[in-house]
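query34.cif follows (mmCIF, C-alpha atoms and all ligand atoms):
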```cif
data_entry
#
loop_
_atom_site.label_atom_id
_atom_site.label_comp_id
_atom_site.auth_asym_id
_atom_site.auth_seq_id
_atom_site.Cartn_x
_atom_site.Cartn_y
_atom_site.Cartn_z
CA MET A 25 129.47 -13.61 33.97
CA SER A 26 133.08 -12.94 32.89
CA TYR A 27 135.77 -12.11 35.42
CA VAL A 28 136.16 -8.64 33.91
CA GLN A 29 132.44 -7.91 34.04
CA LYS A 30 132.25 -9.04 37.67
CA VAL A 31 135.07 -6.72 38.71
CA LEU A 32 133.71 -3.84 36.61
CA ASP A 33 130.25 -4.14 38.18
CA GLU A 34 131.88 -3.89 41.62
CA VAL A 35 133.92 -0.89 40.60
CA VAL A 36 130.81 0.88 39.28
CA ALA A 37 128.83 0.05 42.44
CA LYS A 38 131.56 1.08 44.87
CA ASN A 39 132.78 4.30 43.24
CA PRO A 40 129.71 6.49 42.76
CA GLY A 41 130.46 10.00 41.54
CA GLN A 42 133.82 8.98 40.02
CA PRO A 43 133.02 8.72 36.29
CA GLU A 44 136.59 9.29 35.10
CA PHE A 45 137.92 6.52 37.33
CA ILE A 46 135.23 4.16 36.05
CA GLN A 47 136.06 5.17 32.47
CA ALA A 48 139.77 4.44 32.92
CA VAL A 49 139.11 1.08 34.58
CA THR A 50 136.55 0.11 31.91
CA GLU A 51 139.00 0.80 29.09
CA VAL A 52 141.83 -1.16 30.69
CA LEU A 53 139.80 -4.13 31.86
CA HIS A 54 137.96 -4.67 28.59
CA SER A 55 141.15 -4.60 26.58
CA ILE A 56 143.11 -7.05 28.77
CA GLU A 57 140.51 -9.86 28.54
CA PRO A 58 142.76 -11.98 26.28
CA ALA A 59 145.62 -11.83 28.82
CA LEU A 60 143.23 -12.82 31.61
CA SER A 61 141.75 -15.80 29.81
CA ALA A 62 145.23 -16.99 28.81
CA ASN A 63 146.25 -17.10 32.49
CA PRO A 64 143.48 -18.19 34.94
CA ALA A 65 145.92 -17.73 37.84
CA TYR A 66 145.25 -13.98 37.67
CA GLU A 67 141.61 -14.54 38.64
CA LYS A 68 142.45 -17.11 41.33
CA ASN A 69 144.87 -14.60 42.86
CA GLY A 70 142.33 -11.77 42.78
CA ILE A 71 144.71 -9.63 40.74
CA LEU A 72 142.05 -7.36 39.23
CA GLU A 73 140.14 -6.95 42.50
CA ARG A 74 143.40 -5.84 44.11
CA MET A 75 144.52 -3.63 41.23
CA VAL A 76 141.36 -1.50 41.18
CA ILE A 77 141.70 -0.49 44.85
CA PRO A 78 144.57 1.86 45.77
CA GLU A 79 147.02 0.52 48.32
CA ARG A 80 146.41 3.79 50.16
CA ALA A 81 144.58 7.10 49.54
CA ILE A 82 145.33 10.14 51.63
CA ILE A 83 142.96 13.12 51.81
CA PHE A 84 143.97 16.18 53.76
CA ARG A 85 143.15 19.79 54.56
CA VAL A 86 145.33 22.48 53.01
CA PRO A 87 144.78 25.85 54.73
CA TRP A 88 146.71 28.89 53.52
CA VAL A 89 146.51 32.67 53.80
CA ASP A 90 145.87 34.75 50.68
CA ASP A 91 147.46 38.14 49.95
CA SER A 92 144.56 40.00 51.53
CA GLY A 93 145.08 38.10 54.80
CA LYS A 94 142.04 35.85 54.41
CA VAL A 95 142.31 32.14 55.19
CA GLN A 96 141.62 29.87 52.21
CA VAL A 97 141.15 26.10 52.40
CA ASN A 98 141.65 23.45 49.74
CA THR A 99 141.52 19.66 49.73
CA GLY A 100 144.76 17.76 49.10
CA TYR A 101 145.06 14.20 47.79
CA ARG A 102 147.72 11.56 47.29
CA VAL A 103 146.59 8.22 45.96
CA GLN A 104 149.28 5.52 46.30
CA PHE A 105 147.85 3.03 43.88
CA ASN A 106 150.33 0.23 43.27
CA SER A 107 153.91 -0.40 44.43
CA ALA A 108 154.45 -3.87 42.96
CA ILE A 109 157.27 -2.80 40.66
CA GLY A 110 158.71 0.25 42.43
CA PRO A 111 157.98 3.25 44.66
CA TYR A 112 154.75 5.09 43.87
CA LYS A 113 155.44 7.59 41.10
CA GLY A 114 153.24 10.17 39.46
CA GLY A 115 152.49 13.85 39.31
CA LEU A 116 150.54 16.35 41.36
CA ARG A 117 147.69 18.18 39.63
CA LEU A 118 146.52 21.60 40.80
CA HIS A 119 143.24 22.46 39.11
CA PRO A 120 139.79 23.47 40.41
CA SER A 121 138.27 20.37 38.77
CA VAL A 122 140.34 17.97 40.90
CA THR A 123 138.38 15.47 43.00
CA LEU A 124 139.27 12.11 44.53
CA GLY A 125 137.85 10.47 41.38
CA THR A 126 140.17 12.52 39.13
CA ILE A 127 143.23 11.54 41.12
CA LYS A 128 142.14 7.89 41.19
CA PHE A 129 141.74 7.79 37.41
CA LEU A 130 145.15 9.36 36.94
CA GLY A 131 146.78 7.09 39.52
CA PHE A 132 145.23 4.00 37.93
CA GLU A 133 146.50 4.99 34.46
CA GLN A 134 149.91 5.67 35.95
CA ILE A 135 150.32 2.01 37.06
CA PHE A 136 150.29 0.77 33.47
CA LYS A 137 152.14 3.75 31.99
CA ASN A 138 154.97 3.45 34.48
CA SER A 139 155.18 -0.29 33.87
CA LEU A 140 155.44 0.31 30.12
CA THR A 141 158.46 2.58 30.56
CA GLY A 142 160.49 -0.43 31.71
CA GLN A 143 161.65 1.61 34.71
CA PRO A 144 161.18 0.43 38.34
CA ILE A 145 158.32 2.76 39.29
CA GLY A 146 154.89 2.03 40.78
CA GLY A 147 151.75 4.08 40.23
CA GLY A 148 150.52 7.08 42.21
CA LYS A 149 149.04 10.52 41.74
CA GLY A 150 148.06 13.51 43.83
CA GLY A 151 146.92 17.08 43.73
CA SER A 152 144.39 19.56 44.94
CA ASP A 153 141.43 21.66 43.82
CA PHE A 154 143.62 24.75 44.29
CA ASP A 155 143.59 26.98 41.18
CA PRO A 156 147.04 28.49 40.53
CA LYS A 157 145.57 30.70 37.78
CA GLY A 158 145.59 34.35 38.86
CA LYS A 159 147.42 33.66 42.15
CA SER A 160 150.55 35.57 43.13
CA ASP A 161 153.89 33.78 43.54
CA ASN A 162 153.59 34.22 47.30
CA GLU A 163 150.12 32.68 47.38
CA VAL A 164 151.36 29.72 45.35
CA MET A 165 154.30 29.35 47.74
CA ARG A 166 152.11 29.43 50.84
CA PHE A 167 149.76 26.86 49.31
CA CYS A 168 152.67 24.55 48.34
CA GLN A 169 154.20 24.83 51.81
CA SER A 170 150.90 23.98 53.49
CA PHE A 171 150.36 21.08 51.07
CA MET A 172 153.80 19.68 51.85
CA ALA A 173 153.34 20.18 55.60
CA GLU A 174 151.05 17.15 55.44
CA LEU A 175 152.35 15.30 52.36
CA PHE A 176 155.94 14.99 53.63
CA ARG A 177 155.08 12.23 56.10
CA HIS A 178 153.73 9.99 53.33
CA ILE A 179 156.48 10.29 50.70
CA GLY A 180 160.21 9.61 50.34
CA ARG A 181 162.72 8.76 47.66
CA LEU A 182 162.09 5.03 48.07
CA THR A 183 158.41 5.34 49.04
CA ASP A 184 156.63 7.80 46.80
CA VAL A 185 158.11 10.38 44.44
CA PRO A 186 155.65 13.06 43.22
CA ALA A 187 156.27 15.36 40.25
CA GLY A 188 154.42 17.89 38.11
CA ASP A 189 151.19 17.63 36.15
CA ILE A 190 148.61 20.25 35.13
CA GLY A 191 149.22 23.39 37.24
CA VAL A 192 152.49 22.11 38.71
CA GLY A 193 155.74 23.13 37.01
CA GLY A 194 159.22 24.18 38.08
CA ARG A 195 158.01 26.95 40.39
CA GLU A 196 155.70 24.70 42.41
CA ILE A 197 158.20 21.81 42.57
CA GLY A 198 160.78 24.25 43.97
CA TYR A 199 158.48 25.41 46.78
CA LEU A 200 157.43 21.83 47.56
CA PHE A 201 161.04 20.61 47.62
CA GLY A 202 162.17 23.44 49.89
CA MET A 203 159.47 22.64 52.44
CA TYR A 204 160.15 18.88 52.32
CA LYS A 205 163.85 19.49 52.97
CA LYS A 206 163.11 21.81 55.87
CA LEU A 207 160.65 19.41 57.53
CA THR A 208 162.72 16.23 57.12
CA ASN A 209 166.26 17.60 57.28
CA SER A 210 166.97 15.34 54.31
CA TYR A 211 168.29 16.35 50.90
CA GLU A 212 166.93 13.62 48.69
CA GLY A 213 165.36 13.06 45.29
CA VAL A 214 161.85 13.00 46.69
CA LEU A 215 160.35 14.98 43.82
CA THR A 216 161.17 15.01 40.12
CA GLY A 217 161.00 17.91 37.73
CA LYS A 218 163.36 19.80 40.03
CA GLY A 219 165.41 22.81 38.91
CA LEU A 220 168.81 22.09 37.40
CA GLN A 221 170.60 23.76 40.32
CA TYR A 222 169.19 21.33 42.89
CA GLY A 223 169.05 17.86 41.41
CA GLY A 224 166.79 18.21 38.37
CA SER A 225 167.53 16.37 35.14
CA LEU A 226 168.32 17.98 31.84
CA ALA A 227 165.59 17.24 29.27
CA ARG A 228 162.91 16.55 31.92
CA THR A 229 161.04 19.73 30.92
CA GLU A 230 160.98 18.67 27.29
CA ALA A 231 160.51 14.95 27.93
CA THR A 232 156.74 14.41 27.67
CA GLY A 233 156.34 16.40 24.45
CA TYR A 234 159.54 15.09 22.87
CA GLY A 235 158.65 11.54 23.89
CA LEU A 236 155.21 11.87 22.31
CA VAL A 237 156.73 12.90 19.00
CA TYR A 238 159.44 10.19 19.16
CA MET A 239 156.57 7.73 19.57
CA MET A 240 154.65 9.11 16.56
CA ASP A 241 157.83 9.14 14.49
CA GLU A 242 158.50 5.46 15.27
CA LEU A 243 154.84 4.63 14.61
CA LEU A 244 154.87 6.28 11.19
CA LYS A 245 158.26 4.81 10.24
CA ASN A 246 156.86 1.36 10.99
CA HIS A 247 153.98 2.15 8.61
CA ASN A 248 156.18 3.33 5.74
CA ASN A 249 155.53 6.95 6.48
CA SER A 250 157.11 9.83 8.39
CA LEU A 251 156.34 13.11 10.13
CA GLU A 252 158.18 15.12 7.48
CA GLY A 253 155.81 17.55 5.77
CA LYS A 254 152.78 16.47 7.82
CA THR A 255 150.22 18.96 9.11
CA VAL A 256 149.84 18.59 12.86
CA VAL A 257 147.11 19.89 15.16
CA ILE A 258 148.00 20.16 18.83
CA SER A 259 145.57 21.03 21.61
CA GLY A 260 146.78 22.66 24.79
CA SER A 261 149.65 25.09 25.23
CA GLY A 262 151.21 23.85 28.45
CA ASN A 263 154.46 22.00 28.91
CA VAL A 264 153.46 18.89 26.92
CA ALA A 265 152.01 20.84 23.98
CA ILE A 266 154.93 23.26 23.74
CA TYR A 267 157.63 20.60 23.53
CA ALA A 268 155.56 18.34 21.28
CA CYS A 269 155.32 21.30 18.92
CA GLN A 270 159.06 21.95 19.12
CA LYS A 271 160.05 18.35 18.35
CA ALA A 272 157.43 17.98 15.59
CA GLN A 273 158.80 21.11 13.93
CA GLN A 274 162.38 19.82 14.26
CA LEU A 275 161.30 16.64 12.46
CA GLY A 276 159.86 18.65 9.59
CA ALA A 277 156.16 18.75 10.46
CA LYS A 278 154.00 21.86 10.23
CA VAL A 279 152.07 22.54 13.44
CA VAL A 280 149.08 24.76 12.66
CA SER A 281 147.25 25.07 15.95
CA MET A 282 147.43 25.21 19.72
CA SER A 283 144.76 25.96 22.31
CA ASP A 284 143.89 26.62 25.93
CA SER A 285 140.71 26.25 27.96
CA ASN A 286 139.28 29.46 26.43
CA GLY A 287 139.83 28.79 22.72
CA TYR A 288 142.27 27.89 19.94
CA VAL A 289 144.51 29.55 17.38
CA TYR A 290 144.96 28.47 13.77
CA ASP A 291 148.14 29.69 12.10
CA LYS A 292 148.26 28.96 8.38
CA ASP A 293 152.01 29.65 8.28
CA GLY A 294 152.77 27.30 11.14
CA ILE A 295 153.05 28.06 14.86
CA ASP A 296 155.81 30.45 15.94
CA LEU A 297 156.75 28.70 19.16
CA ALA A 298 158.78 31.60 20.56
CA ILE A 299 155.55 33.62 20.84
CA VAL A 300 153.69 30.76 22.54
CA LYS A 301 156.54 30.27 25.01
CA ASP A 302 156.60 33.97 25.83
CA ILE A 303 152.84 34.02 26.45
CA LYS A 304 152.66 30.78 28.42
CA GLU A 305 156.03 30.31 30.12
CA VAL A 306 156.94 33.95 30.82
CA LYS A 307 153.69 35.94 31.06
CA ARG A 308 151.39 33.06 32.11
CA GLY A 309 148.84 34.58 29.71
CA ARG A 310 146.13 33.26 27.36
CA ILE A 311 146.59 31.77 23.86
CA LYS A 312 144.28 34.48 22.46
CA GLU A 313 147.25 36.89 22.63
CA TYR A 314 149.04 34.77 20.01
CA ALA A 315 146.65 35.92 17.28
CA GLU A 316 147.12 39.54 18.38
CA ARG A 317 150.88 39.18 17.84
CA ARG A 318 150.92 37.02 14.70
CA PRO A 319 149.16 38.29 11.52
CA SER A 320 148.89 34.81 9.94
CA ALA A 321 146.88 33.48 12.90
CA VAL A 322 143.21 33.58 13.83
CA TYR A 323 141.75 32.94 17.26
CA THR A 324 138.46 31.16 17.82
CA GLU A 325 136.78 31.24 21.20
CA GLY A 326 135.58 27.92 22.58
CA LYS A 327 136.12 24.30 21.55
CA GLY A 328 136.61 23.22 17.93
CA VAL A 329 140.33 22.66 17.49
CA TRP A 330 139.62 19.16 16.06
CA SER A 331 137.71 20.66 13.13
CA ILE A 332 141.02 21.87 11.64
CA PRO A 333 142.08 19.44 8.89
CA CYS A 334 145.33 17.63 9.73
CA ASP A 335 147.39 14.49 9.14
CA VAL A 336 148.35 14.02 12.77
CA ALA A 337 146.39 15.07 15.88
CA LEU A 338 148.07 15.37 19.27
CA PRO A 339 145.60 16.05 22.09
CA CYS A 340 147.81 17.52 24.84
CA ALA A 341 145.31 19.43 27.00
CA THR A 342 143.22 17.35 29.41
CA GLN A 343 140.91 14.37 29.89
CA ASN A 344 137.87 13.89 27.66
CA GLU A 345 138.72 16.86 25.43
CA LEU A 346 138.11 14.84 22.27
CA ASN A 347 134.67 13.23 21.86
CA GLU A 348 133.02 10.94 19.33
CA GLU A 349 132.02 13.82 17.02
CA ASP A 350 135.58 15.17 17.07
CA ALA A 351 136.95 11.72 16.24
CA LYS A 352 134.57 11.41 13.29
CA THR A 353 135.56 14.88 12.08
CA LEU A 354 139.27 14.00 12.22
CA LEU A 355 138.58 10.80 10.29
CA LYS A 356 136.52 12.63 7.66
CA ASN A 357 139.28 15.22 7.23
CA GLY A 358 141.86 12.54 6.42
CA CYS A 359 143.76 12.34 9.71
CA ILE A 360 146.08 9.29 9.72
CA ALA A 361 147.42 9.22 13.29
CA VAL A 362 146.44 10.36 16.78
CA GLY A 363 148.81 10.39 19.75
CA GLU A 364 147.60 11.28 23.22
CA GLY A 365 149.93 13.71 24.99
CA ALA A 366 147.43 14.26 27.80
CA ASN A 367 146.03 11.60 30.12
CA MET A 368 142.84 10.05 28.65
CA PRO A 369 141.99 13.00 26.34
CA SER A 370 139.76 10.79 24.16
CA THR A 371 136.40 9.62 25.45
CA LEU A 372 135.61 5.89 25.28
CA GLU A 373 133.37 6.58 22.26
CA ALA A 374 136.09 8.53 20.46
CA THR A 375 138.56 5.72 21.11
CA GLU A 376 136.08 3.28 19.55
CA VAL A 377 135.87 5.45 16.43
CA PHE A 378 139.67 5.45 16.11
CA LEU A 379 140.00 1.71 16.70
CA GLY A 380 137.30 0.99 14.13
CA SER A 381 139.03 3.09 11.48
CA ASN A 382 142.37 3.24 9.69
CA ILE A 383 143.63 5.93 12.06
CA LEU A 384 146.71 4.81 14.00
CA PHE A 385 145.82 5.61 17.60
CA VAL A 386 148.38 5.62 20.44
CA PRO A 387 146.82 5.96 23.90
CA GLY A 388 148.26 8.31 26.52
CA LYS A 389 149.73 5.67 28.76
CA ALA A 390 152.15 4.79 25.97
CA ALA A 391 152.38 8.07 24.06
CA ASN A 392 152.96 10.38 27.03
CA ALA A 393 155.11 8.00 29.08
CA GLY A 394 158.28 9.92 28.20
CA GLY A 395 157.69 12.40 31.03
CA VAL A 396 157.53 9.90 33.83
CA ALA A 397 160.25 7.77 32.20
CA THR A 398 162.58 10.76 32.35
CA SER A 399 161.51 11.33 35.95
CA ALA A 400 162.83 7.83 36.63
CA LEU A 401 166.07 8.87 34.94
CA GLU A 402 166.14 11.87 37.30
CA MET A 403 165.74 9.48 40.25
CA SER A 404 168.65 7.37 38.95
CA GLN A 405 170.88 10.41 38.65
CA ASN A 406 169.93 11.57 42.16
CA SER A 407 170.72 8.14 43.63
CA MET A 408 174.07 8.06 41.89
CA MET A 409 174.73 11.71 42.81
CA THR A 410 175.57 12.42 39.22
CA SER A 411 174.06 14.25 36.28
CA TRP A 412 173.94 13.27 32.67
CA THR A 413 174.15 15.64 29.69
CA PHE A 414 171.07 16.74 27.75
CA ASP A 415 172.04 14.48 24.87
CA GLU A 416 172.52 11.46 27.14
CA VAL A 417 169.08 11.86 28.71
CA ASP A 418 167.44 12.64 25.37
CA ALA A 419 168.99 9.51 23.79
CA LYS A 420 167.72 7.35 26.68
CA LEU A 421 164.27 8.92 26.36
CA LYS A 422 164.18 8.19 22.64
CA SER A 423 165.21 4.59 23.10
CA ILE A 424 162.57 4.14 25.84
CA MET A 425 159.83 5.48 23.52
CA ILE A 426 160.97 3.20 20.71
CA SER A 427 160.92 0.17 22.97
CA ILE A 428 157.46 1.10 24.32
CA TYR A 429 156.25 1.24 20.73
CA HIS A 430 157.57 -2.23 19.93
CA ASN A 431 156.37 -3.75 23.23
CA MET A 432 152.82 -2.56 22.70
CA ALA A 433 152.84 -3.39 18.98
CA ASN A 434 154.08 -6.93 19.73
CA ALA A 435 151.54 -7.42 22.52
CA ALA A 436 148.76 -6.39 20.10
CA GLU A 437 150.02 -8.77 17.40
CA GLU A 438 150.23 -11.64 19.88
CA ILE A 439 146.49 -11.49 20.50
CA GLY A 440 145.75 -11.09 16.79
CA LYS A 441 144.89 -7.39 17.00
CA LYS A 442 147.61 -5.78 14.90
CA ASP A 443 147.83 -2.01 15.43
CA ASN A 444 145.36 -2.02 18.33
CA PHE A 445 147.71 -0.10 20.59
CA VAL A 446 145.08 0.33 23.30
CA ALA A 447 145.00 -3.42 23.85
CA GLY A 448 148.76 -3.70 23.28
CA ALA A 449 149.71 -0.99 25.79
CA ASN A 450 147.26 -2.19 28.43
CA ILE A 451 148.30 -5.84 28.16
CA ALA A 452 152.04 -5.12 28.13
CA GLY A 453 151.71 -2.74 31.09
CA PHE A 454 149.36 -5.06 33.00
CA LYS A 455 151.37 -8.28 32.71
CA LYS A 456 154.51 -6.97 34.35
CA VAL A 457 152.61 -5.55 37.33
CA ALA A 458 150.33 -8.60 37.67
CA ASP A 459 153.27 -11.02 37.59
CA ALA A 460 155.15 -8.97 40.19
CA MET A 461 152.04 -9.01 42.42
CA MET A 462 151.74 -12.76 42.09
CA ALA A 463 155.41 -13.25 42.95
CA GLN A 464 155.06 -11.09 46.08
CA GLY A 465 152.11 -13.03 47.55
CA VAL A 466 148.87 -11.69 48.96
CA VAL A 467 149.85 -8.26 50.24
N1 LIG B 501 152.34 13.97 35.34
C1 LIG B 501 153.12 13.21 34.42
C2 LIG B 501 152.36 11.99 33.98
O1 LIG B 501 151.16 12.07 33.82
C3 LIG B 501 154.54 12.94 34.93
C4 LIG B 501 154.62 12.20 36.24
C5 LIG B 501 156.03 12.07 36.79
O2 LIG B 501 156.98 12.54 36.19
O3 LIG B 501 156.14 11.43 37.85
O4 LIG B 501 152.88 10.95 33.70
#
```
Could you write out this file's structure as structure tokens?
Amino acid sequence: MSYVQKVLDEVVAKNPGQPEFIQAVTEVLHSIEPALSANPAYEKNGILERMVIPERAIIFRVPWVDDSGKVQVNTGYRVQFNSAIGPYKGGLRLHPSVTLGTIKFLGFEQIFKNSLTGQPIGGGKGGSDFDPKGKSDNEVMRFCQSFMAELFRHIGRLTDVPAGDIGVGGREIGYLFGMYKKLTNSYEGVLTGKGLQYGGSLARTEATGYGLVYMMDELLKNHNNSLEGKTVVISGSGNVAIYACQKAQQLGAKVVSMSDSNGYVYDKDGIDLAIVKDIKEVKRGRIKEYAERRPSAVYTEGKGVWSIPCDVALPCATQNELNEEDAKTLLKNGCIAVGEGANMPSTLEATEVFLGSNILFVPGKAANAGGVATSALEMSQNSMMTSWTFDEVDAKLKSIMISIYHNMANAAEEIGKKDNFVAGANIAGFKKVADAMMAQGVV
């Protein structure tokens, strides 16, 4: 039995009820086989067996009082997966679907993504099954304070640096930072995605979406094509989707759709981003309102955003939002490129469809790495007690995305799988972490 199969069987046996974690591990392990057989020392050193178990996973109670005076309780998580190349780094997700398995899948992905950025950051992730939707600001604040009342003892600017993810934006980071500072009496860059008044970085808000589009731009340029004049379908309408839309429009593409968990809008004249921002960033409302405010748009309840014909598809909502059928539909409709703005939005079967076709497919750990890369730039600025201009940060982000593209493209070519960016990204991300682990001994 192959080394990969042996480790995978163990992972499946030991992680019941964690399908997303198993999915993420399966995808990575299968695609790095060539790197493993080229270097038997990885097996001798138990690199995979070590990589699939977090260095530490913390689960804790988060009690808080709602506006009616009733006590509510949620479960909090922080999974510190791998610190071989830097302090644990990764977001916090607040969503009712969050379980230990969700956080483990995200933390595992983060190891390779963070490695690909070229920045000195390890992999981690956290969150809670708390649902911020429909909660008042005060309820969100009390939850965040309670969450940090436990988390603070496990993190630090050189230990573990959380950030945002689904359900965690500037508001939540502010409440978390305030509580950390109060409890530790230390003003440090322990979180990223902070407000600009207290240590945040310019361009961090835009970074994931911009980075995704810089990646697609570089991809298309290297295939004698460009984003100019392309029709783009984006799912989601959160931070990643909004700034992907903005950058795609700036580069001359026409974005015709966005969505949320209730349904999607199709706008034949192209998305008016000011309306989306007002609905999502100001009113915290639903995408349905977009069609009520924009005559050229229609709203459809439910899934189906991938049935809209497009040249480029950017899934920016959540995991497993794009299945095999969707992938086949995109292919049939003439889609030429797919870039994952979310973490693992394509199912394993959908990924297979893309890899077996002419569609250029960039997996999330490369395509959405601009967010965490810019978080690392925020950490640098905090350490140096300085702040760079928007253009400085944006230029660094762009050059990071371009170098990720070439690293993964070269890694794919080296194993004779040109344009297989799944294999390329996984191998490039894996090697750096594995070699650092080997150099540091059995720890
Ligand atoms: N949640 C983002 C991600 O999935 C950003 C993490 C960070 O900035 O640390 O990569």
- Message: Report, in Å with one decimal, the straight-line distance from CA of Leu32 (chain A) to CA of Leu60 (chain A).
- Response: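 Taking CA of Leu32 (chain A) as the start and CA of Leu60 (chain A) as the end point, the length is 14.0 Å.
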- Message: When you count only C-alpha atoms, which of these residues is closest to Ala397 (chain A): A:Leu236, A:Ile258, A:Val289, A:Leu297?
- Response: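 The closest residue to Ala397 (chain A) is A:Leu236.
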- Hey, which residues come within 6 Å of ligand LIG 501 (chain B) if we count all atoms listed in the file? Could you give them as a list in words?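 Listed by chain and ascending number, the contacts are Lys113, Gly114, Gly115, Pro186, Ala187, Gly188, Asp189, Ala393, Gly395, Val396 and Ser399 of chain A.
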- Compile the contact shell of Thr126 (chain A) as a ChimeraX atom specification: residues with an atom at most 9 Å away, counting only C-alpha atoms, same-chain residues fewer than 3 positions apart removed. /A:42-45,121-123,129-131
Those residues with C-alpha atoms, as a tab-separated table (two decimals), in the frame of the given file please?
```tsv
chain	number	residue	atom	x	y	z
A	42	GLN	CA	133.82	8.98	40.02
A	43	PRO	CA	133.02	8.72	36.29
A	44	GLU	CA	136.59	9.29	35.10
A	45	PHE	CA	137.92	6.52	37.33
A	121	SER	CA	138.27	20.37	38.77
A	122	VAL	CA	140.34	17.97	40.90
A	123	THR	CA	138.38	15.47	43.00
A	129	PHE	CA	141.74	7.79	37.41
A	130	LEU	CA	145.15	9.36	36.94
A	131	GLY	CA	146.78	7.09	39.52
```
Could you pull the residues within 8 Å of Tyr429 (chain A), counting all atoms listed in the file, minus those fewer than 6 positions along the same chain, as a CSV table (one decimal) with C-alpha atoms, in the frame of the given file?
```
chain,number,residue,atom,x,y,z
A,239,MET,CA,156.6,7.7,19.6
A,242,GLU,CA,158.5,5.5,15.3
A,243,LEU,CA,154.8,4.6,14.6
A,390,ALA,CA,152.2,4.8,26.0
```
Place N, CA and C atoms on region 450-465 of chain A and deliver the coordinates as a short mmCIF file (atom, residue, chain, number, x, y, z; two decimals), in the frame of the given file.
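Written out: part_37.cif:
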```
data_model
loop_
_atom_site.label_atom_id
_atom_site.label_comp_id
_atom_site.auth_asym_id
_atom_site.auth_seq_id
_atom_site.Cartn_x
_atom_site.Cartn_y
_atom_site.Cartn_z
N ASN A 450 147.85 -1.74 27.16
CA ASN A 450 147.26 -2.19 28.43
C ASN A 450 147.77 -3.58 28.81
N ILE A 451 147.85 -4.47 27.84
CA ILE A 451 148.30 -5.84 28.16
C ILE A 451 149.78 -5.84 28.56
N ALA A 452 150.61 -5.14 27.80
CA ALA A 452 152.04 -5.12 28.13
C ALA A 452 152.26 -4.50 29.51
N GLY A 453 151.56 -3.40 29.79
CA GLY A 453 151.71 -2.74 31.09
C GLY A 453 151.17 -3.61 32.21
N PHE A 454 150.03 -4.24 31.97
CA PHE A 454 149.36 -5.06 33.00
C PHE A 454 150.19 -6.27 33.41
N LYS A 455 150.71 -7.00 32.42
CA LYS A 455 151.37 -8.28 32.71
C LYS A 455 152.53 -8.13 33.69
N LYS A 456 153.34 -7.13 33.49
CA LYS A 456 154.51 -6.97 34.35
C LYS A 456 154.08 -6.73 35.81
N VAL A 457 153.08 -5.86 35.97
CA VAL A 457 152.61 -5.55 37.33
C VAL A 457 151.93 -6.77 37.94
N ALA A 458 151.07 -7.44 37.16
CA ALA A 458 150.33 -8.60 37.67
C ALA A 458 151.31 -9.70 38.08
N ASP A 459 152.32 -9.96 37.27
CA ASP A 459 153.27 -11.02 37.59
C ASP A 459 154.09 -10.67 38.83
N ALA A 460 154.42 -9.39 38.99
CA ALA A 460 155.15 -8.97 40.19
C ALA A 460 154.26 -9.15 41.43
N MET A 461 152.96 -8.83 41.30
CA MET A 461 152.04 -9.01 42.42
C MET A 461 151.93 -10.47 42.81
N MET A 462 151.85 -11.33 41.80
CA MET A 462 151.74 -12.76 42.09
C MET A 462 153.00 -13.25 42.81
N ALA A 463 154.16 -12.79 42.36
CA ALA A 463 155.41 -13.25 42.95
C ALA A 463 155.55 -12.79 44.40
N GLN A 464 154.89 -11.66 44.74
CA GLN A 464 155.06 -11.09 46.08
C GLN A 464 154.00 -11.57 47.07
N GLY A 465 153.11 -12.47 46.63
CA GLY A 465 152.11 -13.03 47.55
C GLY A 465 150.95 -12.08 47.79
#
```
